[in-house]
Structures are given as structure tokens and as C-alpha cells.
Amino acid sequence: MKETAQILREKGLKVTPQRIAVYNMLLQTNSHPNADMIYRALEETNPTMSLATVYKTLDYFKHLGLVQELNVGEGSARYDATVHCHPHAVCTCCGKVVDLEVEELTNLHEKLSQPLDFAVSCEQLILYGTCAECQQERTLAKTV
Ligand code: ZN
Ligand code: MN
């Protein structure tokens with residue numbers, strides 16, 4: 001894998017330790033964090049980084065195609081370093097956002113039986129429901 005500093009440089013971004021920290025954090029997680037979650041996760045190791053810097057960094061990353069922004073209906077956007085189109089699921093019970101690695105739900109516009117009179121450049125599929133852990137907790141709560 002390419003070094004983070006090199007990836008940022010190739011995108012024309014000035015390399016700073018804070019930008020490296022934000023991008024590495026997103027590469028290492030599949031939790032689709034929002035700016036605040038990223039800020040809190042990096043607070044300890046990057047004490048001089050402000051929440052405003054995290055927002056600004058995410059905005060640069062988004063415009064350069066290093067991350068994708070997900071709007072799952074919360075007040076703030078979630079971020080994903082996996083930039084290709086893939087479906088997501090949101091648990092309305094605990095709020096977690098996960099990847100749905102289901103081929104049938106990926107690139108839906110290409111699977112349509114009828115061609116669309118619309119040039120699709122991107123699609124975002126978000127399913128809402130209850131995650132496996134929350135389903136289990138509900139079942140346990142009922143049996144007590
Ligand atoms: Zn859940
Ligand atoms: Mn994802």
C-alpha cells in the first residue's frame with residue numbers, strides 16, 4: 001500500500017501530520033465516523049488539532065475524491081475512505097452505519113431491465129433497520 005503522505009501529495013495537498021492522522025483513521029475503520037467522532041478519536045494523539053481542522057480536512061478530502069460523504073439522515077455527514085459506490089445500512093436503534101457487501105444491491109442502475117433516460121454518475125443506497133446486535137438485545141429483553 002502507498003504511504004499516506006504520498007497519496008496526499010499526489011492529490012496536490014500539502015502534507016501535514018493532522019491530515020495524515022485523519023486519512024489514516026478513515027482507512028483503518030469501517031465505522032463511517034462523522035467529524036466529531038474523528039475528532040474525539042484523534043484528540044489524544046493530536047492534542048493541537050481542532051474540530052474546525054477536522055471539518056476543513058474532510059472537505060478537502062471530499063473534493064479530491066479521497067473520501068465519500070454519506071448523508072444518512074443525521075445532523076452531520078459520515079465519512080468513508082472506500083470511495084467506490086457501495087450500499088450501506090443504518091441501524092435506527094444504535095445508529096451504526098455498516099457496509100452491505102451484497103452484490104445484488106451494488107450498481108443497481110446497471111442491473112435495471114430498462115435503460116434509464118438519465119446518465120447516472122453515482123448512486124447511494126442506504127437501507128434502514130435494526131442491526132444483528134440490536135435484534136439480539138431486543139429478543140433478550142423480551143425473554144427476561
Ligand atoms: Zn444496532
Ligand atoms: Mn462504506
# chains A, B, ... in the order shown; residues from 1 in each chain; ligands from 1
$ residues_near_ligand --ligand "ligand 1" --cutoff "10 Å" --atoms "only C-alpha atoms and all ligand atoms" --output "MDAnalysis selection string"
chainID A and resid 90:98 129:137
$ write_last_selection --atoms "all heavy atoms" --output "compact mmCIF listing (two decimals), in the first residue's frame"
# COMPACT_ATOMS: atom_id res chain seq x y z
N VAL A 90 -28.09 1.41 7.92
CA VAL A 90 -28.06 2.22 9.14
C VAL A 90 -28.96 1.57 10.17
O VAL A 90 -30.12 1.27 9.87
CB VAL A 90 -28.57 3.66 8.84
CG1 VAL A 90 -28.57 4.49 10.11
CG2 VAL A 90 -27.72 4.32 7.78
N CYS A 91 -28.44 1.33 11.36
CA CYS A 91 -29.27 0.79 12.44
C CYS A 91 -29.96 1.96 13.13
O CYS A 91 -29.30 2.84 13.67
CB CYS A 91 -28.42 0.00 13.44
SG CYS A 91 -29.41 -0.63 14.81
N THR A 92 -31.28 1.96 13.10
CA THR A 92 -32.03 3.07 13.70
C THR A 92 -32.10 2.93 15.22
O THR A 92 -32.60 3.79 15.91
CB THR A 92 -33.47 3.12 13.13
OG1 THR A 92 -34.06 1.83 13.28
CG2 THR A 92 -33.47 3.50 11.67
N CYS A 93 -31.57 1.81 15.72
CA CYS A 93 -31.57 1.56 17.16
C CYS A 93 -30.29 2.10 17.80
O CYS A 93 -30.33 2.87 18.74
CB CYS A 93 -31.74 0.07 17.35
SG CYS A 93 -31.89 -0.45 19.03
N CYS A 94 -29.12 1.72 17.28
CA CYS A 94 -27.85 2.16 17.88
C CYS A 94 -27.12 3.18 17.01
O CYS A 94 -26.11 3.74 17.43
CB CYS A 94 -26.94 0.96 18.17
SG CYS A 94 -26.33 0.13 16.70
N GLY A 95 -27.59 3.43 15.82
CA GLY A 95 -27.00 4.46 14.96
C GLY A 95 -25.80 4.03 14.14
O GLY A 95 -25.22 4.84 13.43
N LYS A 96 -25.41 2.77 14.24
CA LYS A 96 -24.21 2.38 13.49
C LYS A 96 -24.49 2.30 11.99
O LYS A 96 -25.61 2.01 11.56
CB LYS A 96 -23.60 1.10 14.07
CG LYS A 96 -24.03 -0.19 13.46
CD LYS A 96 -23.15 -1.30 14.03
CE LYS A 96 -23.98 -2.24 14.82
NZ LYS A 96 -23.65 -2.95 15.90
N VAL A 97 -23.45 2.63 11.22
CA VAL A 97 -23.54 2.59 9.76
C VAL A 97 -22.57 1.52 9.27
O VAL A 97 -21.38 1.58 9.58
CB VAL A 97 -23.17 3.96 9.14
CG1 VAL A 97 -23.28 3.93 7.63
CG2 VAL A 97 -24.06 5.06 9.72
N VAL A 98 -23.07 0.54 8.55
CA VAL A 98 -22.20 -0.55 8.10
C VAL A 98 -22.26 -0.70 6.58
O VAL A 98 -23.20 -0.24 5.93
CB VAL A 98 -22.59 -1.90 8.77
CG1 VAL A 98 -22.39 -1.83 10.28
CG2 VAL A 98 -24.02 -2.30 8.43
N GLY A 129 -32.77 -0.02 9.32
CA GLY A 129 -33.35 -1.15 10.05
C GLY A 129 -32.65 -1.38 11.37
O GLY A 129 -32.14 -0.44 11.98
N THR A 130 -32.61 -2.64 11.78
CA THR A 130 -32.04 -2.99 13.07
C THR A 130 -30.87 -3.95 12.85
O THR A 130 -31.04 -4.98 12.19
CB THR A 130 -33.11 -3.67 13.96
OG1 THR A 130 -34.30 -2.90 13.90
CG2 THR A 130 -32.65 -3.78 15.40
N CYS A 131 -29.72 -3.64 13.41
CA CYS A 131 -28.54 -4.48 13.23
C CYS A 131 -28.67 -5.79 14.01
O CYS A 131 -29.54 -5.91 14.89
CB CYS A 131 -27.28 -3.73 13.63
SG CYS A 131 -27.05 -3.55 15.40
N ALA A 132 -27.81 -6.73 13.73
CA ALA A 132 -27.89 -8.05 14.36
C ALA A 132 -27.79 -7.96 15.88
O ALA A 132 -28.56 -8.61 16.60
CB ALA A 132 -26.78 -8.94 13.80
N GLU A 133 -26.86 -7.12 16.38
CA GLU A 133 -26.69 -6.99 17.83
C GLU A 133 -27.95 -6.43 18.48
O GLU A 133 -28.39 -6.91 19.53
CB GLU A 133 -25.51 -6.06 18.16
CG GLU A 133 -24.14 -6.67 17.94
CD GLU A 133 -23.69 -6.59 16.48
OE1 GLU A 133 -24.40 -5.96 15.66
OE2 GLU A 133 -22.63 -7.17 16.16
N CYS A 134 -28.55 -5.40 17.88
CA CYS A 134 -29.75 -4.80 18.46
C CYS A 134 -30.94 -5.76 18.38
O CYS A 134 -31.76 -5.79 19.29
CB CYS A 134 -30.07 -3.48 17.77
SG CYS A 134 -28.90 -2.17 18.18
N GLN A 135 -31.01 -6.56 17.32
CA GLN A 135 -32.08 -7.56 17.23
C GLN A 135 -31.97 -8.54 18.38
O GLN A 135 -32.95 -8.92 19.00
CB GLN A 135 -31.98 -8.33 15.92
CG GLN A 135 -32.41 -7.56 14.69
CD GLN A 135 -32.19 -8.39 13.44
OE1 GLN A 135 -32.67 -9.51 13.35
NE2 GLN A 135 -31.46 -7.85 12.49
N GLN A 136 -30.73 -8.95 18.66
CA GLN A 136 -30.48 -9.92 19.72
C GLN A 136 -30.85 -9.34 21.08
O GLN A 136 -31.48 -10.01 21.90
CB GLN A 136 -29.00 -10.30 19.69
CG GLN A 136 -28.75 -11.68 20.23
CD GLN A 136 -27.31 -12.11 19.93
OE1 GLN A 136 -26.45 -11.28 19.64
NE2 GLN A 136 -27.05 -13.39 20.01
N GLU A 137 -30.48 -8.07 21.29
CA GLU A 137 -30.80 -7.42 22.56
C GLU A 137 -32.29 -7.33 22.77
O GLU A 137 -32.78 -7.53 23.88
CB GLU A 137 -30.19 -6.02 22.60
CG GLU A 137 -28.88 -6.02 23.37
CD GLU A 137 -28.19 -4.67 23.31
OE1 GLU A 137 -28.85 -3.66 23.63
OE2 GLU A 137 -27.01 -4.65 22.93
$ select_by_dssp --residues "segment 4-136 of chain A" --states "strand (DSSP E or B)" --output "VMD selection string"
chain A and resid 34 68 to 70 78 to 80 88 to 91 97 to 99 126 to 129
$ write_last_selection --atoms "N, CA and C atoms" --output "mmCIF file, in the first residue's frame"
data_model
loop_
_atom_site.group_PDB
_atom_site.id
_atom_site.type_symbol
_atom_site.label_atom_id
_atom_site.label_comp_id
_atom_site.auth_asym_id
_atom_site.auth_seq_id
_atom_site.Cartn_x
_atom_site.Cartn_y
_atom_site.Cartn_z
ATOM 1 N N ASN A 34 -18.442 10.407 11.809
ATOM 2 C CA ASN A 34 -18.657 11.806 11.422
ATOM 3 C C ASN A 34 -17.465 12.623 11.950
ATOM 4 N N GLN A 68 -15.655 9.519 0.601
ATOM 5 C CA GLN A 68 -17.008 9.848 0.194
ATOM 6 C C GLN A 68 -17.803 10.257 1.417
ATOM 7 N N GLU A 69 -18.717 11.191 1.184
ATOM 8 C CA GLU A 69 -19.545 11.711 2.250
ATOM 9 C C GLU A 69 -20.890 11.014 2.185
ATOM 10 N N LEU A 70 -21.360 10.557 3.324
ATOM 11 C CA LEU A 70 -22.654 9.874 3.373
ATOM 12 C C LEU A 70 -23.615 10.697 4.213
ATOM 13 N N ARG A 78 -21.422 11.447 7.483
ATOM 14 C CA ARG A 78 -20.487 10.372 7.816
ATOM 15 C C ARG A 78 -19.453 10.299 6.701
ATOM 16 N N TYR A 79 -18.262 9.768 7.010
ATOM 17 C CA TYR A 79 -17.196 9.698 6.009
ATOM 18 C C TYR A 79 -16.652 8.293 5.834
ATOM 19 N N ASP A 80 -16.291 7.975 4.607
ATOM 20 C CA ASP A 80 -15.857 6.640 4.235
ATOM 21 C C ASP A 80 -14.673 6.768 3.275
ATOM 22 N N HIS A 88 -25.025 0.869 1.913
ATOM 23 C CA HIS A 88 -24.857 0.974 3.357
ATOM 24 C C HIS A 88 -26.157 0.646 4.084
ATOM 25 N N ALA A 89 -26.018 0.232 5.326
ATOM 26 C CA ALA A 89 -27.185 0.011 6.174
ATOM 27 C C ALA A 89 -27.000 0.802 7.456
ATOM 28 N N VAL A 90 -28.085 1.411 7.924
ATOM 29 C CA VAL A 90 -28.057 2.216 9.137
ATOM 30 C C VAL A 90 -28.962 1.571 10.166
ATOM 31 N N CYS A 91 -28.440 1.332 11.359
ATOM 32 C CA CYS A 91 -29.270 0.788 12.441
ATOM 33 C C CYS A 91 -29.962 1.958 13.127
ATOM 34 N N VAL A 97 -23.449 2.629 11.219
ATOM 35 C CA VAL A 97 -23.544 2.593 9.759
ATOM 36 C C VAL A 97 -22.567 1.523 9.271
ATOM 37 N N VAL A 98 -23.069 0.545 8.552
ATOM 38 C CA VAL A 98 -22.202 -0.552 8.097
ATOM 39 C C VAL A 98 -22.260 -0.696 6.577
ATOM 40 N N ASP A 99 -21.239 -1.348 6.037
ATOM 41 C CA ASP A 99 -21.226 -1.673 4.614
ATOM 42 C C ASP A 99 -22.085 -2.902 4.395
ATOM 43 N N ILE A 126 -29.052 3.484 0.794
ATOM 44 C CA ILE A 126 -28.965 3.361 2.249
ATOM 45 C C ILE A 126 -30.215 2.636 2.747
ATOM 46 N N LEU A 127 -30.024 1.529 3.426
ATOM 47 C CA LEU A 127 -31.127 0.772 3.988
ATOM 48 C C LEU A 127 -31.191 1.053 5.488
ATOM 49 N N TYR A 128 -32.386 1.175 6.010
ATOM 50 C CA TYR A 128 -32.563 1.455 7.435
ATOM 51 C C TYR A 128 -33.196 0.257 8.126
ATOM 52 N N GLY A 129 -32.774 -0.024 9.324
ATOM 53 C CA GLY A 129 -33.346 -1.147 10.053
ATOM 54 C C GLY A 129 -32.648 -1.382 11.366
#
$ atom_distance --atom1 "atom CA of Leu100 of chain A" --atom2 "atom CA of Pro87 of chain A"
5.4 Å
$ closest_residue --among "A:Lys111, A:Arg9, A:Arg138, A:His86" --to "Leu125 of chain A" --atoms "only C-alpha atoms"
A:His86
$ closest_residue --among "A:Thr106, A:Thr53, A:Ser76, A:Thr48" --to "ligand 2" --atoms "only C-alpha atoms and all ligand atoms"
A:Thr106
$ select_by_dssp --residues "segment 23-125 of chain A" --states "alpha helix (DSSP H)" --output "ChimeraX atom specification"
/A:23-28,35-42,51-63,108-111
$ closest_residue --among "A:Ser121, A:Thr29, A:Gln114, A:Thr45" --to "ligand 2" --atoms "only C-alpha atoms and all ligand atoms"
A:Thr29
